[in-house]
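Chemist: Sharing a structure with you now.
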Amino acid sequence: MPRTARKKLEGAIYHIMARSISEVQLFKTDEDKKKYMKIIKLYQKVYNFKVYAYCLMDNHLHLIIDSNGADISKIMQCINFKYAGYYNVIHKRHGHLFQDRFKSKIIQDNRYLVALSIYIHNNPLDIKAYENNPEKYYFSSLAVYIGLRKDPFNILDEKFILSIFGKDKKKSNKRYMNFILRTKIISLDDISKEEIEFEDEKTEYRSERKVLKRNFRAEDIIQYILSKFKMERTLLYLKYQKEVEPARAILVLLLRNLCNATCKDVCNILGNITSAGVSKLSSLGVELINNDKRYKNVIGDFIDYQS
C-alpha cells in the first residue's frame, strides 16, 4: 500500500513524534540524547527552523517545530538520518533505527499549541524518578518554561508559547506553571478536551510571528556569493580548491536554506559533485557561521542584499 502524502503547509507549526523499532531503545544513554540535541542544533543552522518544546524519552521523542517556511520532511530526514548513523557506529549495529517515518501533525491554533506543550512536558511522569517532579528531567524543556533554567542545548524558543500568557516573562513563567499544575494532559486524546477550558483564558497574546521567505532563485544567491567573495563565476565550480571552499560552502548553505534546494538540486547547480560532497560543504557552511564572524549574519545579509 502506498504511503499517505504528508500534510504540509508553508510556515506551519508541527507536532513531531518519532519512535525506535520495537526491539531497540532510541536513546541508550544520556550521551545519545545529548548527541540528538546537538544534531538538531546543527540543522537549525542549515534550515532556520524553531523549536518550541521538546522531550526525549528512551524509546521515543516529541518536538514542536516551527518550520519557518522550510520543508519539515527535509529537516527531520536530515536529523534522524544523521542520528541513526551515529547510533549504529557507537552501539555497533546496523539496519533501521526509527519505526517507519516520523509522524507529524499541523498545529492549527494557539489553544492546541499550549495544550500540546503541556502533554509533551508531562511525558517524564512515566519515569518513576520524575513522577512527582517532571521539571527536573534534563531532556525536557519544561524547566525552561517555568523559569528554573536556561535551555542547556540552546535550541529552544520558548518566548512564542509563553507570550500567549502575557508580555511579562516572570508572570508568564508563573502562569504556565500554574496551568501545568492544574491541567492533567497525559495522552494526546486529552488535548482536545482542554481546548474548551482554554478558550476562556484571558491572554494578551498578539501574533508577531514572521515566516522566513524561502522562494529565492538560485541565480540570486549565486550573484550574491560572487559579489560577497569578489570572485569569478567559474571558480564556484572548481573542486578541491581550498581558497574557494568557503564561498562554495556558504552558497550550498544558502541554497538549502532559502531555496529549499535538495542535495540533488545543489548537485545540478554546481555540477561534478556528489551528495556526500554537498553534505560536507553544508557542514563547513554551518561551521563558518558558528565560528567566523565574517559569516555570522550571512542569511540576513543576503536578504538585505535582495531588498
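Residue numbering restarts at 1 in every chain; chains get A, B, ... in the order shown in the C-alpha cells, and ligands count up from 1 in that same order.
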Give me the residues near Met17 in chain A as a list in words, where near means some atom within 8 Å (using only C-alpha atoms) and where sequence neighbours in that chain fewer than 3 positions away do not count.
Modeler: His60, Leu61, His62, Leu63, Phe102, Lys103 and Ser104 of chain A
Chemist: Go ahead and write the residues just picked, C-alpha atoms, as a PDB file, in the first residue's frame.
Modeler:
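Now in out.pdb:
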```pdb
ATOM      1  CA  HIS A  60      10.567   7.962  21.546  1.00  0.00           C
ATOM      2  CA  LEU A  61      10.668  11.734  21.248  1.00  0.00           C
ATOM      3  CA  HIS A  62       8.343  14.701  20.917  1.00  0.00           C
ATOM      4  CA  LEU A  63       9.147  18.064  19.337  1.00  0.00           C
ATOM      5  CA  PHE A 102       8.407  10.219  11.778  1.00  0.00           C
ATOM      6  CA  LYS A 103       4.845  11.363  12.492  1.00  0.00           C
ATOM      7  CA  SER A 104       3.792  14.963  12.130  1.00  0.00           C
TER       8      SER A 104
END
```
Chemist: Taking only range 1-195 of chain A into account, list the residues labelled helix (DSSP H, G or I) by DSSP (computed from the backbone), as a ChimeraX atom specification.
Modeler: /A:30-47,72-90,110-121,123-126,128-130,134-136,142-145,159-165,169-182,188-195
Chemist: Between A:Phe139, A:Leu288, A:Ile161, A:Thr29, which has the minimum distance to Asn123 in chain A (counting only C-alpha atoms)?
Modeler: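 Among the listed residues, the smallest separation from Asn123 in chain A belongs to A:Phe139.
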Chemist: Just give me the gap between CA of Tyr295 in chain A and CA of Ile250 in chain A in Å, one decimal is fine.
Modeler: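 For CA of Tyr295 in chain A relative to CA of Ile250 in chain A, the distance reads 8.3 Å.
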Chemist: Taking only C-alpha atoms into account, name the residue in A:Gln306, A:Val114, A:Asn290, A:Asn257 that is nearest to Phe179 in chain A.
Modeler: A:Val114
Chemist: Residues at most 8 Å from Tyr52 in chain A, counting only C-alpha atoms, excluding those fewer than 3 positions away in the same chain, as number ranges by chain?
Modeler: A: 63-66, 156-158, 160-161
Chemist: Keeping only N, CA, C and O atoms, write the selected residues as a PDB file, in the first residue's frame.
Modeler:
```
ATOM      1  N   LEU A  63       8.661  16.716  19.612  1.00  0.00           N
ATOM      2  CA  LEU A  63       9.147  18.064  19.337  1.00  0.00           C
ATOM      3  C   LEU A  63       7.979  18.910  18.853  1.00  0.00           C
ATOM      4  O   LEU A  63       7.071  18.401  18.193  1.00  0.00           O
ATOM      5  N   ILE A  64       7.995  20.183  19.177  1.00  0.00           N
ATOM      6  CA  ILE A  64       7.128  21.145  18.494  1.00  0.00           C
ATOM      7  C   ILE A  64       8.060  22.009  17.668  1.00  0.00           C
ATOM      8  O   ILE A  64       8.914  22.720  18.203  1.00  0.00           O
ATOM      9  N   ILE A  65       7.915  21.918  16.352  1.00  0.00           N
ATOM     10  CA  ILE A  65       8.812  22.621  15.431  1.00  0.00           C
ATOM     11  C   ILE A  65       8.025  23.607  14.575  1.00  0.00           C
ATOM     12  O   ILE A  65       7.014  23.251  13.962  1.00  0.00           O
ATOM     13  N   ASP A  66       8.496  24.829  14.565  1.00  0.00           N
ATOM     14  CA  ASP A  66       8.014  25.846  13.636  1.00  0.00           C
ATOM     15  C   ASP A  66       8.937  25.767  12.424  1.00  0.00           C
ATOM     16  O   ASP A  66      10.119  26.119  12.505  1.00  0.00           O
ATOM     17  N   LEU A 156      15.985  26.140  21.914  1.00  0.00           N
ATOM     18  CA  LEU A 156      14.588  26.407  22.244  1.00  0.00           C
ATOM     19  C   LEU A 156      14.214  27.875  22.067  1.00  0.00           C
ATOM     20  O   LEU A 156      14.953  28.773  22.452  1.00  0.00           O
ATOM     21  N   ASP A 157      13.013  28.086  21.515  1.00  0.00           N
ATOM     22  CA  ASP A 157      12.385  29.415  21.508  1.00  0.00           C
ATOM     23  C   ASP A 157      11.089  29.297  22.305  1.00  0.00           C
ATOM     24  O   ASP A 157      10.036  28.984  21.769  1.00  0.00           O
ATOM     25  N   GLU A 158      11.209  29.509  23.600  1.00  0.00           N
ATOM     26  CA  GLU A 158      10.041  29.367  24.473  1.00  0.00           C
ATOM     27  C   GLU A 158       9.181  30.619  24.511  1.00  0.00           C
ATOM     28  O   GLU A 158       8.036  30.590  24.984  1.00  0.00           O
ATOM     29  N   PHE A 160       7.574  32.267  22.267  1.00  0.00           N
ATOM     30  CA  PHE A 160       6.343  32.299  21.468  1.00  0.00           C
ATOM     31  C   PHE A 160       5.153  31.751  22.255  1.00  0.00           C
ATOM     32  O   PHE A 160       4.100  32.378  22.331  1.00  0.00           O
ATOM     33  N   ILE A 161       5.315  30.569  22.862  1.00  0.00           N
ATOM     34  CA  ILE A 161       4.212  29.998  23.643  1.00  0.00           C
ATOM     35  C   ILE A 161       3.977  30.795  24.918  1.00  0.00           C
ATOM     36  O   ILE A 161       2.835  31.067  25.296  1.00  0.00           O
TER      37      ILE A 161
END
```
